[in-house]
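Undergrad: Below: one structure in structure tokens.
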Amino acid sequence: HTVLREPVGPALGFAAWNFPGGNVALKVAGALAAGCSIIIKPSNETPGTAVGIVRCMQDAGVPAGVIGLVFGDPAVISSQLIASPIPKKLSLTGSTPVGKQLQKMASDSLKRCTMELGGHAPVLVFADVELDRSLDRLVAAKFRNAGQVCTSPTRFYVHRSVYDAFVAGFVARTEQLVVGNGLEDGVTMGPLITERRLGNMVEMVEDAIGRGAKLLTGGQRVDRPGFFFAPTVLRDVTDDALIMNDEPFGPVVAITPFDTYEEVIQRANSLPYALAAYVFTQDA
């Protein structure tokens, strides 16, 4: 038996807005390294970074036609590119609903698909945790990119014996964050991507409070130009709350207690999302 590794053919790379440089660069690098040409479709919210990367590639001597770039109406572009028999491969970094839609479209021409979609990462904090070290890492991870990361920690399950101390430490660190323009000195968290995302944050916070959660800090838009939302911490969030079932993709933290190992494993695994999970304990 012989296995030959050959370029699959022209590729399509659809990139998300939250890492407009990294998402584009990874798709271009993978395609070119395998010997494939690629058409990149960056997000309409952040096309400028992709334009800059492609210009750099042109300046570096990549032959004409090896890298294409197109952006505009997503529905028109997606249907045109995916329906074409020429591309043989589709890669998407984006939301789960969009990924499902594009994979259905790709099935008509049997395009190979690689989908990096949304998650809803559980965080399991056990009783033997190193509290301060864990809090430092989790607050940094949660508010990175204002929570707009598909692997962002989002559902915090904390053992009841350390629950109050964990919540107090998380709030204290959250309130030290400086929200503003990321190009200014001292700023530690920037804005959300669109006006629509602000409405999503408000909806999730109000839903959680309506189901019995307590708002400890934040919970509202920051009073300044731009799409800024205050870093927000909710405690005693119920499992039926919207934020525990839909990926928040923003700077809102939902914390809830647990009592047993079996219980928290079941709750962490209760959603159909994979992608990432976080465990803090000293007992492997």
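In the structure tokens, the first chain shown is A, the next is B, and so on; residue numbers restart at 1 for each chain, and ligands run from 1 in the order shown.
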Leaving out Gly21 of chain A and any residue of its chain fewer than 4 positions from it, which residues lie within 7 Å of it when counting only C-alpha atoms, given as number ranges by chain?
TA: A: 25, 49-50
Undergrad: List every residue of segment 77-253 of chain A that DSSP, applied to the backbone of this structure, places in strand (DSSP E), and write the result as a ChimeraX atom specification.
TA: /A:89-93,112-116,121-125,153-159,214-217,232-235,252-253
Undergrad: Using only C-alpha atoms, which residue out of A:Asp259, A:Gly199, A:Ile86, A:Ser37 lies closest to Ala64 of chain A?
TA: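 Ranked by minimum distance to Ala64 of chain A, first place goes to A:Ser37.
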Undergrad: Between A:Thr46, A:His120, A:Asn145, A:Asp132, single out the one closest to Pro272 of chain A, counting only C-alpha atoms.
TA: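 Among the listed residues, A:His120 lies closest to Pro272 of chain A.
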Undergrad: With distances taken over only C-alpha atoms, which of A:Ala15, A:Cys36, A:Val264, A:Ala121 is nearest to Pro74 of chain A?
TA: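 Residue with the minimum atom-to-atom distance to Pro74 of chain A: A:Ala15.
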Undergrad: At a cut-off of 12 Å, using only C-alpha atoms, what residues contact Val187 of chain A? Leave out same-chain residues fewer than 2 positions from it and give the result as a list in words.
TA: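 In the requested format, the answer is Arg144, Asn145, Ala146, Gln176, Leu177, Val178, Val179, Gly180, Asn181, Gly182, Leu183, Glu184, Asp185, Met189, Gly190 and Pro191 of chain A.
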Undergrad: Going by DSSP on the backbone, which bits of segment 7-203 of chain A are helix (DSSP H, G or I)? Write them as a VMD selection string, please.
TA: chain A and resid 22 to 34 47 to 59 74 to 83 96 to 107 131 to 147 160 to 174 195 to 203
Undergrad: Pick out the residues sitting within 12 Å of Thr260 of chain A, and hand them over as a list in words; count only C-alpha atoms, and ignore anything fewer than 6 positions along from it in its own chain.
TA: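 Counting only C-alpha atoms, the residues come to Leu124, Val125, Phe126, Ala127, Tyr157, Val158, His159, Arg160, Ser161, Gln266 and Arg267 of chain A.
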Undergrad: Pick out the closest residue to Arg5 of chain A from this set: A:Ala34, A:Val139, A:Ala274, A:Val162. Count only C-alpha atoms.
TA: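 Using only C-alpha atoms, the shortest distance to Arg5 of chain A belongs to A:Ala34.
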